[in-house]
Structures are given as structure tokens and as C-alpha cells.
>>> print(open('work.cif').read())   # mmCIF, C-alpha atoms
data_work
#
loop_
_atom_site.group_PDB
_atom_site.id
_atom_site.type_symbol
_atom_site.label_atom_id
_atom_site.label_comp_id
_atom_site.auth_asym_id
_atom_site.auth_seq_id
_atom_site.Cartn_x
_atom_site.Cartn_y
_atom_site.Cartn_z
ATOM 1 C CA MET T 25 -109.678 -63.476 3.149
ATOM 2 C CA SER T 26 -106.349 -62.705 1.486
ATOM 3 C CA GLY T 27 -105.089 -59.505 -0.042
ATOM 4 C CA SER T 28 -106.914 -56.186 -0.122
ATOM 5 C CA PRO T 29 -110.699 -56.484 -0.227
ATOM 6 C CA GLU T 30 -112.274 -55.596 -3.560
ATOM 7 C CA ILE T 31 -115.111 -53.105 -3.870
ATOM 8 C CA GLU T 32 -118.345 -54.889 -4.686
ATOM 9 C CA GLU T 33 -120.277 -52.987 -7.325
ATOM 10 C CA LEU T 34 -123.768 -51.815 -6.415
ATOM 11 C CA PRO T 35 -126.609 -51.329 -8.893
ATOM 12 C CA ALA T 36 -127.293 -47.893 -10.385
ATOM 13 C CA THR T 37 -127.709 -45.015 -7.972
ATOM 14 C CA GLN T 38 -130.466 -45.864 -5.543
ATOM 15 C CA THR T 39 -133.291 -43.652 -4.335
ATOM 16 C CA GLY T 40 -134.915 -43.368 -0.944
ATOM 17 C CA PRO T 41 -133.212 -43.001 2.469
ATOM 18 C CA LYS T 42 -131.597 -46.459 2.414
ATOM 19 C CA GLY T 43 -130.445 -45.997 -1.169
ATOM 20 C CA VAL T 44 -128.808 -42.672 -0.352
ATOM 21 C CA ILE T 45 -127.026 -44.242 2.634
ATOM 22 C CA HIS T 46 -125.705 -47.070 0.461
ATOM 23 C CA ASP T 47 -124.600 -44.593 -2.230
ATOM 24 C CA TRP T 48 -122.772 -42.531 0.423
ATOM 25 C CA ARG T 49 -120.997 -45.590 1.827
ATOM 26 C CA LYS T 50 -119.880 -46.706 -1.628
ATOM 27 C CA PHE T 51 -118.719 -43.173 -2.497
ATOM 28 C CA LYS T 52 -116.837 -42.961 0.800
ATOM 29 C CA LEU T 53 -115.088 -46.270 0.180
ATOM 30 C CA GLU T 54 -114.070 -45.319 -3.360
ATOM 31 C CA SER T 55 -112.804 -41.905 -2.164
ATOM 32 C CA GLU T 56 -110.483 -43.340 0.470
ATOM 33 C CA ASP T 57 -106.755 -43.466 -0.232
ATOM 34 C CA HIS T 58 -106.080 -47.191 0.136
ATOM 35 C CA GLU T 59 -102.449 -46.572 0.995
ATOM 36 C CA SER T 60 -103.321 -44.418 4.006
ATOM 37 C CA VAL T 61 -106.307 -46.342 5.402
ATOM 38 C CA PRO T 62 -105.759 -49.347 7.712
ATOM 39 C CA SER T 63 -106.869 -52.667 6.293
ATOM 40 C CA ASN T 64 -109.426 -53.200 9.073
ATOM 41 C CA LYS T 65 -111.159 -49.911 8.203
ATOM 42 C CA ARG T 66 -111.151 -50.744 4.485
ATOM 43 C CA GLU T 67 -112.814 -54.043 5.320
ATOM 44 C CA LEU T 68 -115.359 -52.244 7.471
ATOM 45 C CA LEU T 69 -116.190 -49.807 4.686
ATOM 46 C CA ARG T 70 -116.406 -52.617 2.159
ATOM 47 C CA GLN T 71 -118.883 -54.523 4.291
ATOM 48 C CA MET T 72 -120.965 -51.409 4.874
ATOM 49 C CA SER T 73 -121.066 -50.601 1.154
ATOM 50 C CA ASN T 74 -122.554 -54.044 0.489
ATOM 51 C CA PRO T 75 -126.179 -54.366 1.646
ATOM 52 C CA LYS T 76 -125.918 -58.184 1.521
ATOM 53 C CA SER T 77 -124.486 -59.853 4.614
ATOM 54 C CA SER T 78 -122.609 -63.123 4.811
ATOM 55 C CA LYS T 79 -124.759 -66.239 4.860
ATOM 56 C CA ASP T 80 -122.834 -67.427 7.885
ATOM 57 C CA ASP T 81 -123.987 -64.463 10.001
ATOM 58 C CA THR T 82 -127.221 -64.758 11.899
ATOM 59 C CA GLN T 83 -129.627 -61.824 11.777
ATOM 60 C CA GLU T 84 -128.849 -60.979 15.381
ATOM 61 C CA LYS T 85 -125.084 -60.844 14.731
ATOM 62 C CA VAL T 86 -125.568 -58.724 11.648
ATOM 63 C CA LEU T 87 -127.724 -56.200 13.512
ATOM 64 C CA HIS T 88 -125.250 -55.999 16.384
ATOM 65 C CA LYS T 89 -122.249 -55.679 14.073
ATOM 66 C CA MET T 90 -123.903 -53.017 11.949
ATOM 67 C CA SER T 91 -124.821 -50.906 14.959
ATOM 68 C CA VAL T 92 -121.148 -50.838 16.009
ATOM 69 C CA GLN T 93 -120.046 -50.179 12.471
ATOM 70 C CA GLU T 94 -122.556 -47.353 12.041
ATOM 71 C CA TYR T 95 -121.234 -45.690 15.174
ATOM 72 C CA GLU T 96 -117.634 -46.036 14.040
ATOM 73 C CA MET T 97 -118.527 -44.734 10.577
ATOM 74 C CA ILE T 98 -120.171 -41.627 12.016
ATOM 75 C CA GLN T 99 -117.200 -40.989 14.265
ATOM 76 C CA GLU T 100 -114.703 -41.287 11.421
ATOM 77 C CA GLU T 101 -116.593 -39.525 8.608
ATOM 78 C CA ASP T 102 -114.444 -37.146 6.675
ATOM 79 C CA GLU T 103 -116.231 -33.776 6.295
ATOM 80 C CA ARG T 104 -114.454 -32.918 3.055
ATOM 81 C CA CYS T 105 -115.544 -36.175 1.477
ATOM 82 C CA LEU T 106 -119.119 -35.554 2.597
ATOM 83 C CA HIS T 107 -119.152 -32.114 0.927
ATOM 84 C CA LYS T 108 -117.786 -33.654 -2.248
ATOM 85 C CA PHE T 109 -120.463 -36.357 -2.217
ATOM 86 C CA ARG T 110 -123.237 -33.811 -1.741
ATOM 87 C CA ARG T 111 -121.897 -31.661 -4.570
ATOM 88 C CA GLN T 112 -121.729 -34.688 -6.847
ATOM 89 C CA CYS T 113 -125.357 -35.556 -6.069
ATOM 90 C CA MET T 114 -126.458 -31.981 -6.793
ATOM 91 C CA GLN T 115 -124.517 -31.930 -10.066
ATOM 92 C CA GLU T 116 -126.050 -35.223 -11.197
ATOM 93 C CA MET T 117 -129.533 -33.969 -10.345
ATOM 94 C CA HIS T 118 -128.907 -30.723 -12.221
ATOM 95 C CA GLU T 119 -127.669 -32.551 -15.321
ATOM 96 C CA HIS T 120 -130.696 -34.852 -15.176
ATOM 97 C CA LEU T 121 -133.136 -31.931 -15.014
ATOM 98 C CA SER T 122 -131.362 -29.681 -17.534
ATOM 99 C CA PHE T 123 -132.831 -29.416 -20.996
ATOM 100 C CA GLY T 124 -132.077 -27.841 -24.339
ATOM 101 C CA PRO T 125 -128.853 -26.399 -25.730
ATOM 102 C CA LYS T 126 -126.269 -24.348 -23.872
ATOM 103 C CA PHE T 127 -125.067 -21.069 -25.385
ATOM 104 C CA ASP T 128 -122.558 -19.295 -23.073
ATOM 105 C CA VAL T 129 -121.769 -16.491 -25.571
ATOM 106 C CA VAL T 130 -123.433 -13.515 -27.245
ATOM 107 C CA TYR T 131 -124.405 -14.248 -30.869
ATOM 108 C CA GLU T 132 -124.019 -11.601 -33.556
ATOM 109 C CA LEU T 133 -127.013 -11.486 -35.939
ATOM 110 C CA ASP T 134 -126.150 -10.080 -39.343
ATOM 111 C CA SER T 135 -129.560 -9.652 -40.951
ATOM 112 C CA GLY T 136 -133.257 -9.171 -40.351
ATOM 113 C CA GLU T 137 -133.809 -12.771 -41.455
ATOM 114 C CA ALA T 138 -131.412 -14.041 -38.804
ATOM 115 C CA PHE T 139 -133.251 -11.837 -36.294
ATOM 116 C CA LEU T 140 -136.599 -13.434 -37.184
ATOM 117 C CA ASP T 141 -135.130 -16.940 -37.155
ATOM 118 C CA VAL T 142 -133.769 -16.624 -33.625
ATOM 119 C CA ILE T 143 -137.174 -15.380 -32.438
ATOM 120 C CA GLU T 144 -139.366 -17.898 -34.243
ATOM 121 C CA LYS T 145 -137.235 -21.040 -34.559
ATOM 122 C CA GLU T 146 -135.501 -21.256 -31.190
ATOM 123 C CA HIS T 147 -136.703 -23.931 -28.744
ATOM 124 C CA HIS T 148 -139.995 -22.863 -27.197
ATOM 125 C CA LEU T 149 -138.524 -23.055 -23.680
ATOM 126 C CA THR T 150 -135.448 -20.989 -24.535
ATOM 127 C CA LEU T 151 -135.376 -17.356 -23.479
ATOM 128 C CA VAL T 152 -133.926 -15.079 -26.173
ATOM 129 C CA VAL T 153 -132.474 -11.658 -25.295
ATOM 130 C CA VAL T 154 -131.632 -9.374 -28.227
ATOM 131 C CA HIS T 155 -129.595 -6.178 -27.920
ATOM 132 C CA ILE T 156 -130.145 -3.732 -30.762
ATOM 133 C CA TYR T 157 -127.201 -1.365 -30.963
ATOM 134 C CA ASP T 158 -125.125 0.856 -33.185
ATOM 135 C CA ASP T 159 -121.593 2.190 -33.127
ATOM 136 C CA GLY T 160 -121.011 5.462 -31.347
ATOM 137 C CA ILE T 161 -124.238 5.313 -29.305
ATOM 138 C CA ARG T 162 -123.644 5.871 -25.593
ATOM 139 C CA GLY T 163 -124.203 2.761 -23.540
ATOM 140 C CA CYS T 164 -124.141 0.243 -26.403
ATOM 141 C CA ASP T 165 -120.571 -0.933 -25.825
ATOM 142 C CA ALA T 166 -121.126 -1.158 -22.074
ATOM 143 C CA LEU T 167 -124.320 -3.182 -22.563
ATOM 144 C CA ASN T 168 -122.531 -5.547 -24.948
ATOM 145 C CA ASN T 169 -119.906 -6.180 -22.270
ATOM 146 C CA CYS T 170 -122.586 -6.758 -19.636
ATOM 147 C CA LEU T 171 -124.417 -9.283 -21.812
ATOM 148 C CA THR T 172 -121.166 -11.157 -22.429
ATOM 149 C CA CYS T 173 -120.828 -11.613 -18.670
ATOM 150 C CA LEU T 174 -124.473 -12.652 -18.250
ATOM 151 C CA ALA T 175 -124.234 -15.146 -21.121
ATOM 152 C CA ALA T 176 -121.566 -17.034 -19.174
ATOM 153 C CA GLU T 177 -123.760 -17.137 -16.066
ATOM 154 C CA TYR T 178 -127.071 -17.962 -17.796
ATOM 155 C CA SER T 179 -126.012 -20.577 -20.322
ATOM 156 C CA THR T 180 -129.596 -21.645 -21.155
ATOM 157 C CA VAL T 181 -130.480 -18.099 -22.244
ATOM 158 C CA LYS T 182 -129.605 -17.156 -25.798
ATOM 159 C CA PHE T 183 -128.118 -13.647 -25.810
ATOM 160 C CA CYS T 184 -127.863 -11.970 -29.208
ATOM 161 C CA ARG T 185 -127.023 -8.566 -30.614
ATOM 162 C CA ILE T 186 -127.719 -6.916 -33.955
ATOM 163 C CA ARG T 187 -126.939 -3.526 -35.459
ATOM 164 C CA ALA T 188 -130.035 -1.386 -35.900
ATOM 165 C CA SER T 189 -129.213 -0.961 -39.606
ATOM 166 C CA ALA T 190 -129.166 -4.749 -40.083
ATOM 167 C CA THR T 191 -132.630 -5.366 -38.638
ATOM 168 C CA GLY T 192 -134.465 -4.189 -41.731
ATOM 169 C CA ALA T 193 -136.411 -1.818 -39.501
ATOM 170 C CA GLY T 194 -133.865 0.946 -39.047
ATOM 171 C CA GLU T 195 -136.571 3.612 -38.929
ATOM 172 C CA ARG T 196 -138.023 1.943 -35.847
ATOM 173 C CA PHE T 197 -134.652 1.674 -34.115
ATOM 174 C CA SER T 198 -133.320 5.178 -34.540
ATOM 175 C CA ASP T 199 -130.392 6.432 -32.489
ATOM 176 C CA ASP T 200 -132.611 8.027 -29.838
ATOM 177 C CA VAL T 201 -134.071 4.643 -28.755
ATOM 178 C CA LEU T 202 -130.740 2.807 -28.586
ATOM 179 C CA PRO T 203 -129.530 0.728 -26.936
ATOM 180 C CA ALA T 204 -132.711 -1.351 -27.045
ATOM 181 C CA LEU T 205 -133.197 -4.702 -25.343
ATOM 182 C CA LEU T 206 -135.903 -7.118 -26.488
ATOM 183 C CA VAL T 207 -136.767 -10.357 -24.698
ATOM 184 C CA TYR T 208 -138.625 -13.234 -26.386
ATOM 185 C CA LYS T 209 -139.817 -16.715 -25.525
ATOM 186 C CA ALA T 210 -141.650 -19.085 -27.869
ATOM 187 C CA GLY T 211 -141.927 -16.240 -30.383
ATOM 188 C CA GLU T 212 -143.680 -13.962 -27.902
ATOM 189 C CA LEU T 213 -142.290 -10.558 -26.928
ATOM 190 C CA LEU T 214 -141.937 -10.498 -23.128
ATOM 191 C CA GLY T 215 -139.833 -7.371 -22.701
ATOM 192 C CA ASN T 216 -139.421 -4.296 -24.899
ATOM 193 C CA PHE T 217 -136.968 -1.794 -23.422
ATOM 194 C CA MET T 218 -136.074 1.175 -25.591
ATOM 195 C CA SER T 219 -133.235 3.436 -24.412
ATOM 196 C CA ILE T 220 -132.585 0.950 -21.632
ATOM 197 C CA THR T 221 -129.750 3.088 -20.271
ATOM 198 C CA LYS T 222 -132.393 5.509 -18.984
ATOM 199 C CA HIS T 223 -133.301 2.847 -16.453
ATOM 200 C CA LEU T 224 -129.679 2.381 -15.340
ATOM 201 C CA ASN T 225 -127.012 4.537 -13.762
ATOM 202 C CA GLU T 226 -124.710 6.472 -16.060
ATOM 203 C CA GLU T 227 -122.038 3.887 -15.268
ATOM 204 C CA PHE T 228 -123.547 0.408 -15.089
ATOM 205 C CA PHE T 229 -122.311 -3.160 -14.869
ATOM 206 C CA ALA T 230 -123.541 -6.697 -15.519
ATOM 207 C CA LEU T 231 -125.079 -6.933 -12.041
ATOM 208 C CA ASP T 232 -127.155 -3.801 -12.727
ATOM 209 C CA VAL T 233 -128.512 -5.259 -15.964
ATOM 210 C CA GLU T 234 -129.169 -8.577 -14.253
ATOM 211 C CA ASN T 235 -131.097 -6.888 -11.434
ATOM 212 C CA PHE T 236 -133.098 -4.840 -13.926
ATOM 213 C CA LEU T 237 -134.183 -7.947 -15.858
ATOM 214 C CA ASN T 238 -134.942 -9.808 -12.636
ATOM 215 C CA GLU T 239 -137.252 -6.988 -11.534
ATOM 216 C CA TYR T 240 -139.447 -7.970 -14.482
ATOM 217 C CA GLY T 241 -139.002 -11.707 -13.837
ATOM 218 C CA LEU T 242 -137.292 -12.195 -17.177
ATOM 219 C CA LEU T 243 -134.274 -14.265 -16.153
ATOM 220 C CA PRO T 244 -134.342 -17.891 -15.015
ATOM 221 C CA LYS T 245 -132.545 -19.057 -11.906
ATOM 222 C CA LYS T 246 -128.811 -19.187 -12.372
ATOM 223 C CA GLU T 247 -127.224 -22.402 -13.541
ATOM 224 C CA PHE T 248 -125.939 -24.708 -10.802
ATOM 225 C CA ALA T 249 -122.243 -24.093 -10.372
ATOM 226 C CA ALA T 250 -120.156 -26.496 -8.362
ATOM 227 C CA GLY T 251 -117.409 -24.728 -6.466
ATOM 228 C CA PRO T 252 -113.820 -25.913 -6.465
ATOM 229 C CA GLU T 253 -113.259 -29.230 -4.715
ATOM 230 C CA GLY T 254 -110.910 -27.553 -2.304
ATOM 231 C CA ASP T 255 -113.666 -25.303 -0.985
ATOM 232 C CA GLU T 256 -114.473 -27.440 2.012
ATOM 233 C CA ASN T 257 -116.571 -24.836 3.775
ATOM 234 C CA ALA T 258 -118.967 -24.089 0.933
ATOM 235 C CA ASP T 259 -122.502 -25.196 1.763
ATOM 236 C CA VAL T 260 -124.855 -26.899 -0.624
ATOM 237 C CA GLU T 261 -128.499 -25.991 -0.173
#
>>> encode(input="work.cif", output="C-alpha cells")
Amino acid sequence: MSGSPEIEELPATQTGPKGVIHDWRKFKLESEDHESVPSNKRELLRQMSNPKSSKDDTQEKVLHKMSVQEYEMIQEEDERCLHKFRRQCMQEMHEHLSFGPKFDVVYELDSGEAFLDVIEKEHHLTLVVVHIYDDGIRGCDALNNCLTCLAAEYSTVKFCRIRASATGAGERFSDDVLPALLVYKAGELLGNFMSITKHLNEEFFALDVENFLNEYGLLPKKEFAAGPEGDENADVE
């Protein structure tokens, strides 16, 4: 064999214990810096990433060679590369299971019609949180800031806000019941919190609002967030 060995492409990501092992070996080989890895190790990794053995090898030789290679591979595994591989697998699984649109921001509704549309026409699996507010009402600005933070953390939840006067039902949302927080899913009202600041400390933050909503089971699990690649010590559940 002359020159550097080429990586033999495997089929699409495999499932099952053997498939995961093959995926890990291929990922490991592709992650290696070819300039810093000895040629004999690159050849070893190449052979291990390919489930097909040479026709010239007998089954006995292949089994013996692989047992030695497995031992060497375990001894030389790079922990950082393993963390990266696990994170990649988790990210791919998350993307495969994710559904629907992503929002990430708080939407301003400018009319009662827009209010009804977001309740009735949003995807039936999408949770909709609407903050009804008005200028000069204590707690409204703070709650807006909290929802902005939560929108970034719960991207599958649609956070909205609307002035009480724009709802078309201003008499229902008078100043003494603001700020109000309404939670909908598939057109159904799941949470109806008038004067929500009464349930919070005088000074409250996004975590307080998040905990309050979680007490009622109104928020989904947080979106999977892969940490920075340099965070070698972060564990993946």
C-alpha cells in the first residue's frame, strides 16, 4: 500500500451496538489530525472503521488481529473526541425528534384579531404564552424582560404580548388585573393568571417566572443545548 490510506465511506449512520461502534471508529478516524498521527495508527484506525476484512485474511487471523486492535484502540482513545462524538449523536437525535417551527423571540400582537389568530391557528402542538400588559403598570416591563429570556431558552414555545387596549376586551383586562399571563395549546386555555405579580416576589427574574409556570406543568423540557466544544468535562446524559 502506497501513500496515506484513504477513509472508506460507510453507509448511513448505523443503529444497534455494532453500528454505534462502527460509527464511533469512523468518527474517531475523521477527527484525527493526519499530520500528528503516525501512519501505522492511521492504518489501524482505517481498518477498524471498515467492517469488511481483507479476503486474504483467514477468520482466525482477523479475530486475533481485531482483539489486539480493540485493546490498542481503548488504550489510545482520546477523551475529548469521545465527548464530541457523544454530543454530535445527541444533537442529531434531537434534530430528528424536533418538530414544528422555532420562535426564539417575543411577538408583539397589535390587534384582537391577531390575538385570536395566534390562539386558534398556531400548530396544535405549539404552546402559546400571551402576556397582556399596559404602560405604567407595575411588573409589566419586568415580565416582558423575563419572557424575552425564556423565549430564547424555549424556542418551541411561542411567547407573545399585547396591550390590554388592543385586545378588544379592555374592560376585561383593566389595570388591576395586569400583568396577565394566558397559556394556550390547540386553542384551549391551559393557564389564566391575572395579576401574576401577586404570585411572585416584588423583584422577580426569568427563573422565577419559569419556576412558576413549571409548578403548573405548563412548560416543556428545555431545548437540547450543546455546550462549547472546548468544554471537555461537560457530561452528556
>>> atom_distance(input="work.cif", atom1="CA of Asp159 in chain T", atom2="CA of Gly194 in chain T")
13.7 Å
>>> resolve_selection(input="work.cif", expression="the PyMOL selection byres ((chain T and resi 182) around 7)", output="list in words")
Phe127, Leu151, Val152, Val153, Thr180, Val181, Phe183 and Cys184 of chain T
>>> write_last_selection(input="work.cif", atoms="C-alpha atoms", output="mmCIF file, in the frame of the given file")
data_model
loop_
_atom_site.group_PDB
_atom_site.id
_atom_site.type_symbol
_atom_site.label_atom_id
_atom_site.label_comp_id
_atom_site.auth_asym_id
_atom_site.auth_seq_id
_atom_site.Cartn_x
_atom_site.Cartn_y
_atom_site.Cartn_z
ATOM 1 C CA PHE T 127 -125.067 -21.069 -25.385
ATOM 2 C CA LEU T 151 -135.376 -17.356 -23.479
ATOM 3 C CA VAL T 152 -133.926 -15.079 -26.173
ATOM 4 C CA VAL T 153 -132.474 -11.658 -25.295
ATOM 5 C CA THR T 180 -129.596 -21.645 -21.155
ATOM 6 C CA VAL T 181 -130.480 -18.099 -22.244
ATOM 7 C CA PHE T 183 -128.118 -13.647 -25.810
ATOM 8 C CA CYS T 184 -127.863 -11.970 -29.208
#
>>> resolve_selection(input="work.cif", expression="the PyMOL selection byres ((chain T and resi 134) around 9)", output="list in words")
Glu132, Leu133, Ser135, Gly136, Glu137, Ala138, Phe139, Arg185, Ile186, Arg187, Ala190 and Thr191 of chain T
>>> closest_residue(input="work.cif", among="T:Leu213, T:Cys173, T:Glu195, T:Val201", to="Val233 in chain T", atoms="all atoms listed in the file")
T:Cys173
>>> atom_distance(input="work.cif", atom1="CA of Gln112 in chain T", atom2="CA of Leu174 in chain T")
25.0 Å
>>> atom_distance(input="work.cif", atom1="CA of His148 in chain T", atom2="CA of Gly192 in chain T")
24.3 Å
>>> axis_aligned_box(input="work.cif", around="range 181-190 of chain T", padding_each_side="4 Å", output="AutoDock Vina command-line options")
--center_x -128.7 --center_y -9.5 --center_z -31.2 --size_x 11.5 --size_y 25.1 --size_z 25.8
